[in-house]
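Engineer: Coordinates in structure-v6.csv, CSV, C-alpha atoms, are listed below.
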```csv
chain,number,residue,atom,x,y,z
T,1,MET,CA,105.8,119.5,34.9
T,2,GLN,CA,102.7,117.5,34.1
T,3,GLU,CA,100.7,116.8,37.2
T,4,LYS,CA,99.1,113.5,37.8
T,5,VAL,CA,95.9,113.2,39.9
T,6,GLU,CA,94.7,109.8,41.2
T,7,ILE,CA,91.7,109.1,43.2
T,8,ASP,CA,91.1,105.6,44.7
T,9,ILE,CA,87.8,104.7,46.3
T,10,ARG,CA,86.3,101.6,47.8
T,11,VAL,CA,82.5,101.4,48.6
T,12,PRO,CA,80.1,98.7,49.7
T,13,ASN,CA,78.2,97.1,47.0
T,14,LYS,CA,75.2,99.4,47.3
T,15,THR,CA,73.7,101.7,44.7
T,16,ARG,CA,73.3,104.5,47.3
T,17,TYR,CA,77.0,105.3,46.7
T,18,LEU,CA,76.6,106.1,43.0
T,19,ARG,CA,75.7,109.7,43.7
T,20,LEU,CA,78.9,110.2,45.8
T,21,ILE,CA,81.3,108.7,43.2
T,22,GLY,CA,79.5,110.5,40.3
T,23,ARG,CA,80.0,113.8,42.2
T,24,ILE,CA,83.7,113.1,42.8
T,25,GLY,CA,84.1,112.5,39.1
T,26,GLU,CA,82.3,115.7,38.2
T,27,ASN,CA,84.4,117.7,40.7
T,28,MET,CA,87.6,116.3,39.1
T,29,ALA,CA,86.5,117.7,35.8
T,30,LYS,CA,85.6,121.1,37.2
T,31,ALA,CA,88.9,121.3,39.1
T,32,LEU,CA,90.9,121.2,35.8
T,33,GLU,CA,92.5,124.6,35.6
T,34,LYS,CA,93.1,124.8,31.9
T,35,TYR,CA,90.8,122.4,30.2
T,36,GLY,CA,89.9,124.0,26.9
T,37,GLY,CA,86.9,121.8,26.1
T,38,ASP,CA,83.4,122.0,27.4
T,39,ARG,CA,84.0,121.5,31.1
T,40,GLU,CA,80.3,121.0,32.0
T,41,GLU,CA,80.0,118.3,29.4
T,42,LEU,CA,83.1,116.6,30.5
T,43,ALA,CA,81.9,116.6,34.1
T,44,TYR,CA,78.6,115.1,33.1
T,45,HIS,CA,80.2,112.4,31.0
T,46,ILE,CA,82.6,111.4,33.8
T,47,ASN,CA,79.7,111.3,36.2
T,48,LEU,CA,77.7,109.2,33.7
T,49,VAL,CA,80.5,106.7,32.8
T,50,LEU,CA,81.3,106.2,36.5
T,51,THR,CA,77.6,105.7,37.4
T,52,GLU,CA,77.0,103.2,34.5
T,53,SER,CA,80.2,101.2,35.1
T,54,ILE,CA,79.8,101.0,38.9
T,55,ALA,CA,76.1,100.1,38.7
T,56,ASN,CA,77.1,97.3,36.3
T,57,ALA,CA,79.8,96.1,38.8
T,58,MET,CA,77.3,96.2,41.6
T,59,LEU,CA,74.4,94.6,39.8
T,60,HIS,CA,76.0,92.2,37.3
T,61,GLY,CA,79.6,91.8,38.5
T,62,ASN,CA,78.9,91.4,42.2
T,63,LYS,CA,75.4,90.2,41.7
T,64,GLU,CA,73.9,92.7,44.3
T,65,ASP,CA,75.8,91.0,47.1
T,66,PRO,CA,75.9,93.5,49.9
T,67,GLU,CA,79.0,91.8,51.4
T,68,LYS,CA,81.0,92.6,48.4
T,69,GLU,CA,82.8,95.9,47.5
T,70,VAL,CA,83.5,97.9,44.4
T,71,HIS,CA,86.9,99.5,44.0
T,72,ILE,CA,87.2,102.5,41.7
T,73,SER,CA,90.4,104.1,40.5
T,74,ILE,CA,90.3,107.4,38.6
T,75,SER,CA,93.6,108.7,37.2
T,76,LEU,CA,94.2,111.9,35.2
T,77,HIS,CA,97.6,112.0,33.6
T,78,CYS,CA,99.2,113.4,30.5
T,79,GLY,CA,96.1,114.0,28.5
T,80,SER,CA,94.2,110.9,29.3
T,81,LEU,CA,91.6,110.0,31.8
T,82,ASN,CA,91.8,106.4,33.0
T,83,ILE,CA,89.0,104.8,35.0
T,84,LYS,CA,89.1,101.3,36.4
T,85,VAL,CA,86.2,99.7,38.2
T,86,PHE,CA,86.9,96.4,40.0
T,87,ASP,CA,84.3,94.0,41.1
T,88,GLN,CA,84.7,90.8,43.2
T,89,GLY,CA,82.4,88.6,41.3
T,90,ALA,CA,82.6,85.8,38.8
T,91,GLY,CA,82.3,88.3,36.0
T,92,PHE,CA,79.8,88.8,33.3
T,93,ASP,CA,79.9,88.6,29.5
T,94,MET,CA,80.0,92.2,28.5
T,95,ASP,CA,79.9,91.4,24.8
T,96,SER,CA,76.6,89.5,25.3
T,97,LEU,CA,75.0,92.8,26.5
T,98,THR,CA,74.1,94.0,23.0
T,99,GLY,CA,73.1,97.5,22.2
T,100,PRO,CA,69.5,98.7,22.7
T,101,ARG,CA,67.0,97.6,20.1
T,102,LEU,CA,65.2,100.8,19.3
T,103,ASP,CA,62.3,99.1,17.6
T,104,ASP,CA,61.6,96.9,20.5
T,105,LEU,CA,62.1,99.7,23.0
T,106,ASP,CA,64.4,97.7,25.2
T,107,GLU,CA,64.3,98.8,28.8
T,108,HIS,CA,67.8,97.6,29.4
T,109,GLY,CA,71.1,97.5,27.5
T,110,ARG,CA,71.9,101.2,27.1
T,111,GLY,CA,74.6,101.3,29.8
T,112,ILE,CA,77.4,99.6,27.9
T,113,PHE,CA,76.4,101.5,24.7
T,114,ILE,CA,76.8,104.8,26.6
T,115,ILE,CA,80.2,103.8,28.0
T,116,ARG,CA,81.5,102.7,24.6
T,117,SER,CA,80.1,106.0,23.0
T,118,LEU,CA,81.8,108.3,25.5
T,119,MET,CA,85.1,106.5,26.1
T,120,ASP,CA,87.9,105.9,23.6
T,121,LYS,CA,89.0,102.5,25.0
T,122,VAL,CA,86.9,100.0,26.9
T,123,CYS,CA,88.1,96.6,28.2
T,124,TYR,CA,86.7,94.2,30.7
T,125,ARG,CA,89.0,91.4,31.9
T,126,ARG,CA,89.3,88.8,34.6
T,127,LEU,CA,91.7,89.1,37.5
T,128,GLU,CA,92.7,86.7,40.2
T,129,ASP,CA,90.0,87.7,42.6
T,130,GLY,CA,87.5,89.5,40.5
T,131,ASN,CA,87.3,91.6,37.3
T,132,VAL,CA,88.2,95.0,36.1
T,133,LEU,CA,86.4,97.3,33.6
T,134,GLU,CA,89.1,99.7,32.3
T,135,MET,CA,88.1,102.8,30.4
T,136,VAL,CA,90.2,105.5,28.8
T,137,LYS,CA,89.3,108.8,27.4
T,138,PHE,CA,91.9,110.9,25.6
T,139,LEU,CA,91.5,114.6,26.5
T,140,PRO,CA,92.5,117.3,24.0
T,141,GLU,CA,96.2,117.9,24.3
T,142,GLU,CA,96.0,121.6,23.8
T,143,ALA,CA,93.6,121.7,26.7
T,144,LEU,CA,96.0,120.2,29.1
T,145,ASN,CA,99.3,122.0,28.1
T,146,ASN,CA,100.5,123.4,31.4
T,147,GLY,CA,97.3,122.2,32.9
T,148,THR,CA,97.3,121.9,36.6
T,149,ILE,CA,94.7,120.6,39.0
T,150,SER,CA,93.9,122.9,41.8
T,151,GLU,CA,94.4,120.7,44.9
C,1,MET,CA,61.8,108.6,45.2
C,2,ASN,CA,60.5,112.1,45.7
C,3,CYS,CA,57.9,113.4,43.3
C,4,ASP,CA,54.8,115.5,43.3
C,5,VAL,CA,51.8,113.9,41.6
C,6,SER,CA,48.8,116.0,40.5
C,7,GLU,CA,45.8,115.4,38.3
C,8,LYS,CA,45.5,118.0,35.6
C,9,GLY,CA,42.4,117.1,33.6
C,10,ALA,CA,43.3,114.8,30.8
C,11,ALA,CA,46.7,113.8,32.2
C,12,VAL,CA,48.5,113.3,35.5
C,13,LEU,CA,51.6,115.5,36.1
C,14,ILE,CA,54.5,113.9,37.9
C,15,GLU,CA,57.1,116.4,38.9
C,16,VAL,CA,60.3,114.5,39.8
C,17,LYS,CA,61.9,116.1,42.8
C,18,GLU,CA,65.2,114.2,42.7
C,19,GLU,CA,68.5,115.6,41.3
C,20,ARG,CA,69.4,112.2,40.0
C,21,LEU,CA,67.3,109.5,38.3
C,22,ASP,CA,69.7,106.5,38.4
C,23,ALA,CA,70.2,102.8,39.3
C,24,HIS,CA,69.5,103.6,42.9
C,25,ASN,CA,65.9,105.0,42.5
C,26,SER,CA,64.8,104.0,39.0
C,27,SER,CA,63.0,100.8,40.2
C,28,GLU,CA,61.0,102.8,42.7
C,29,PHE,CA,60.1,105.3,40.0
C,30,LYS,CA,58.9,102.5,37.8
C,31,SER,CA,56.7,101.2,40.6
C,32,GLN,CA,55.2,104.6,41.2
C,33,MET,CA,54.2,104.9,37.5
C,34,LEU,CA,52.8,101.4,37.6
C,35,SER,CA,50.5,102.3,40.5
C,36,LEU,CA,49.1,105.1,38.5
C,37,PHE,CA,48.5,102.8,35.5
C,38,GLU,CA,46.8,100.3,37.7
C,39,ASP,CA,44.5,103.1,39.0
C,40,GLY,CA,43.5,103.7,35.4
C,41,LYS,CA,45.6,106.8,34.8
C,42,ASN,CA,47.1,106.2,31.4
C,43,ASN,CA,48.2,109.7,30.4
C,44,LEU,CA,51.2,110.9,32.2
C,45,VAL,CA,53.5,114.0,31.9
C,46,ILE,CA,56.9,113.6,33.6
C,47,ASP,CA,58.4,116.9,34.5
C,48,LEU,CA,62.2,116.5,34.7
C,49,LYS,CA,63.1,120.2,35.3
C,50,GLY,CA,64.6,119.4,38.7
C,51,VAL,CA,66.6,116.5,37.4
C,52,ARG,CA,70.2,117.3,36.4
C,53,PHE,CA,71.4,113.7,35.9
C,54,VAL,CA,69.8,110.6,34.3
C,55,ASP,CA,71.6,107.3,33.6
C,56,SER,CA,70.5,104.3,31.5
C,57,SER,CA,68.4,102.9,34.4
C,58,GLY,CA,66.5,106.2,34.5
C,59,LEU,CA,66.0,106.0,30.8
C,60,GLY,CA,64.9,102.4,31.1
C,61,ALA,CA,62.3,103.4,33.7
C,62,LEU,CA,60.9,106.1,31.4
C,63,VAL,CA,60.8,103.6,28.5
C,64,SER,CA,59.0,101.1,30.7
C,65,GLY,CA,56.5,103.8,31.6
C,66,PHE,CA,56.0,104.8,28.0
C,67,LYS,CA,55.4,101.1,27.0
C,68,ASN,CA,52.9,100.7,29.8
C,69,ALA,CA,51.1,103.9,28.9
C,70,THR,CA,50.8,103.2,25.2
C,71,ALA,CA,49.8,99.5,25.8
C,72,ARG,CA,46.8,101.0,27.7
C,73,ASN,CA,46.0,103.4,24.9
C,74,GLY,CA,47.5,106.3,26.8
C,75,ASN,CA,50.7,108.2,26.4
C,76,LEU,CA,53.7,109.3,28.5
C,77,LYS,CA,55.3,112.7,27.6
C,78,LEU,CA,58.3,114.5,29.0
C,79,CYS,CA,59.0,118.1,29.7
C,80,GLY,CA,61.6,120.4,31.4
C,81,LEU,CA,64.7,118.5,30.2
C,82,GLN,CA,68.0,120.1,31.2
C,83,PRO,CA,70.5,120.3,28.4
C,84,GLN,CA,72.8,117.5,29.5
C,85,VAL,CA,69.8,115.3,30.1
C,86,LYS,CA,68.4,116.1,26.7
C,87,SER,CA,71.8,115.1,25.2
C,88,MET,CA,71.4,111.7,26.9
C,89,PHE,CA,68.1,111.2,25.0
C,90,GLU,CA,69.8,112.2,21.8
C,91,LEU,CA,72.8,109.9,22.4
C,92,THR,CA,70.5,106.9,22.8
C,93,ARG,CA,68.1,108.1,20.1
C,94,LEU,CA,65.2,108.2,22.6
C,95,HIS,CA,64.4,111.8,21.6
C,96,ARG,CA,62.6,110.2,18.6
C,97,VAL,CA,60.5,108.0,20.8
C,98,PHE,CA,59.2,110.5,23.4
C,99,GLU,CA,57.3,113.7,22.8
C,100,ILE,CA,59.4,116.3,24.6
C,101,PHE,CA,58.1,119.7,25.6
C,102,PRO,CA,59.8,122.8,27.1
C,103,GLY,CA,57.4,122.9,30.1
C,104,ALA,CA,54.5,121.2,31.8
C,105,GLU,CA,51.9,123.6,30.4
C,106,GLU,CA,52.7,122.8,26.8
C,107,ALA,CA,52.9,119.1,27.6
C,108,LEU,CA,49.5,119.0,29.3
C,109,ALA,CA,47.9,121.0,26.6
C,110,SER,CA,48.9,118.4,24.0
C,111,PHE,CA,46.6,115.8,25.5
```
Write out the structure in this file as structure tokens.
Structural biologist:
Amino acid sequence: MQEKVEIDIRVPNKTRYLRLIGRIGENMAKALEKYGGDREELAYHINLVLTESIANAMLHGNKEDPEKEVHISISLHCGSLNIKVFDQGAGFDMDSLTGPRLDDLDEHGRGIFIIRSLMDKVCYRRLEDGNVLEMVKFLPEEALNNGTISE
Amino acid sequence: MNCDVSEKGAAVLIEVKEERLDAHNSSEFKSQMLSLFEDGKNNLVIDLKGVRFVDSSGLGALVSGFKNATARNGNLKLCGLQPQVKSMFELTRLHRVFEIFPGAEEALASF
């Protein structure tokens, strides 16, 4: 029987919580019993994608408003990792955040590039009371055959 | 943001004592580097051996430091990159921008 693991977190709109959520994501990767790929690399990538997407939600989505919240949902099911990051703001135009211009040595703009490089599907859409950034990564099937998550 | 700063002849060595360089502390790190530039210290070596995680903000702070250093006819070099951190630089092609050394000794000797 394929197991499904879901983690749902809400945090205040403050960057001090990035470390906590990044660590949770890392621990999920490390808890995979039979993942056949590079576990350390997967852990780092999940930590990174969570950090980048949540920082964007806090800074751009919620406009650094300390009264707002960020809601994160991480789901591991049947060979795919699905991460949703919800903000409560008016939204931002993700497509306008173009990739880094190496020649000009941009100080900004690498976050979205990193997310798109590491995840297989990325979609940002408007909801009734905010927005959601949804990201999916397909994990190697042979790695998850009979895979279980320890607790 | 915790770091040890020491003058080593031609350059200043900054040993970052944080596990993470991310959106939470990268602005502070930028300000710390800026203070050194304003004091006329234009050659920096950033030792990242204690850093196991860097995000795009952390990279942005380092790029900002590099631009400030070179604008002042100095340089900013890196050392002690852990494997996953090094991969970040390769993913974003910044490994072609910074001079990256295995350790502080080699980095300082290059000035």
Engineer: Could you tell me how far CA of Phe138 in chain T lies from CA of Val85 in chain T, in Å and to one decimal?
Structural biologist: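 Between CA of Phe138 in chain T and CA of Val85 in chain T the gap is 17.8 Å.
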Engineer: Could you give me, as an NGL selection string, the residues within 7 Å of range 61-75 of chain C, counting only C-alpha atoms and dropping anything in the same chain fewer than 4 positions from it?
Structural biologist: (:T and (105 or 107)) or (:C and (26 or 29-30 or 33 or 42-44 or 57))
Engineer: Scan for residues within 10 Å of the point (77.7, 109.2, 31.0) in the coordinates of the file, using only C-alpha atoms, and reply as an MDAnalysis selection string.
Structural biologist: (chainID T and resid 22 41:53 111 114:119) or (chainID C and resid 53:56 84 88 91)
Engineer: I need the residue nearest Phe89 in chain C from this list: T:Arg110, T:Cys78, T:Met28, T:Glu40. Use only C-alpha atoms for the distance.
Structural biologist: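 Nearest to Phe89 in chain C: T:Arg110.
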Engineer: Kindly indicate which residue among T:Asp38, T:Asp120, T:Glu33, T:Asp129 lies nearest to Glu69 in chain T, using only C-alpha atoms for the distances.
Structural biologist: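 Once distances to Glu69 in chain T are computed over only C-alpha atoms, the minimum belongs to T:Asp129.
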Engineer: For Arg16 in chain T, find every residue with an atom within 10 Å (counting all atoms listed in the file), except residues of its own chain fewer than 6 positions away, and show them as JSON, numbers by chain.
Structural biologist: {"C": [22, 23, 24, 25]}
Engineer: What lies within 8 Å of Met135 in chain T using only C-alpha atoms, ignoring chain neighbours under 2 positions off, as a list in words?
Structural biologist: Asn82, Ile83, Lys84, Met119, Asp120, Lys121, Val122, Cys123, Leu133 and Lys137 of chain T
Engineer: Counting all atoms listed in the file, which residue out of T:Leu32, T:Leu139, T:Leu20, T:Leu127 sits closest to chain C?
Structural biologist: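 For chain C, the nearest of the candidates is T:Leu20.
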Engineer: Show me, as a list of chain:residue names, the residues that have an atom within 7 Å of Asp4 in chain C when counting all atoms listed in the file, minus same-chain residues fewer than 3 positions from it.
Structural biologist: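 Residues meeting the cut-off are C:Ile14, C:Glu15, C:Val16.
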Engineer: State, in Å with one decimal place, the distance from CA of Ala11 in chain C to CA of Phe98 in chain C.
Structural biologist: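 A separation of 15.6 Å between them.
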Engineer: Would you please work out which residue, of T:Gly109, T:Gly130, T:Pro66, T:Pro12, is nearest to chain C when using only C-alpha atoms?
Structural biologist: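 Between T:Gly109, T:Gly130, T:Pro66, T:Pro12, the residue approaching chain C most closely is T:Gly109.
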Engineer: Give me the residues within 12 Å of Arg126 in chain T as a PDB file with C-alpha atoms, keeping the file's coordinate frame, counting only C-alpha atoms and dropping any in the same chain fewer than 4 places off.
Structural biologist:
```pdb
ATOM      1  CA  GLY T  61      79.600  91.800  38.500  1.00  0.00           C
ATOM      2  CA  VAL T  85      86.200  99.700  38.200  1.00  0.00           C
ATOM      3  CA  PHE T  86      86.900  96.400  40.000  1.00  0.00           C
ATOM      4  CA  ASP T  87      84.300  94.000  41.100  1.00  0.00           C
ATOM      5  CA  GLN T  88      84.700  90.800  43.200  1.00  0.00           C
ATOM      6  CA  GLY T  89      82.400  88.600  41.300  1.00  0.00           C
ATOM      7  CA  ALA T  90      82.600  85.800  38.800  1.00  0.00           C
ATOM      8  CA  GLY T  91      82.300  88.300  36.000  1.00  0.00           C
ATOM      9  CA  PHE T  92      79.800  88.800  33.300  1.00  0.00           C
ATOM     10  CA  ASP T  93      79.900  88.600  29.500  1.00  0.00           C
ATOM     11  CA  MET T  94      80.000  92.200  28.500  1.00  0.00           C
ATOM     12  CA  GLY T 130      87.500  89.500  40.500  1.00  0.00           C
ATOM     13  CA  ASN T 131      87.300  91.600  37.300  1.00  0.00           C
ATOM     14  CA  VAL T 132      88.200  95.000  36.100  1.00  0.00           C
ATOM     15  CA  LEU T 133      86.400  97.300  33.600  1.00  0.00           C
ATOM     16  CA  GLU T 134      89.100  99.700  32.300  1.00  0.00           C
TER      17      GLU T 134
END
```
Engineer: Tell me, in Å to one decimal, how far CA of Gly50 in chain C is from CA of Leu21 in chain C.
Structural biologist: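 It comes out at 10.3 Å.
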Engineer: With distances taken over all atoms listed in the file, which of T:His108, T:Glu128, T:Lys4, T:Asp65 is nearest to chain C?
Structural biologist: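 Nearest candidate to chain C out of T:His108, T:Glu128, T:Lys4, T:Asp65: T:His108.
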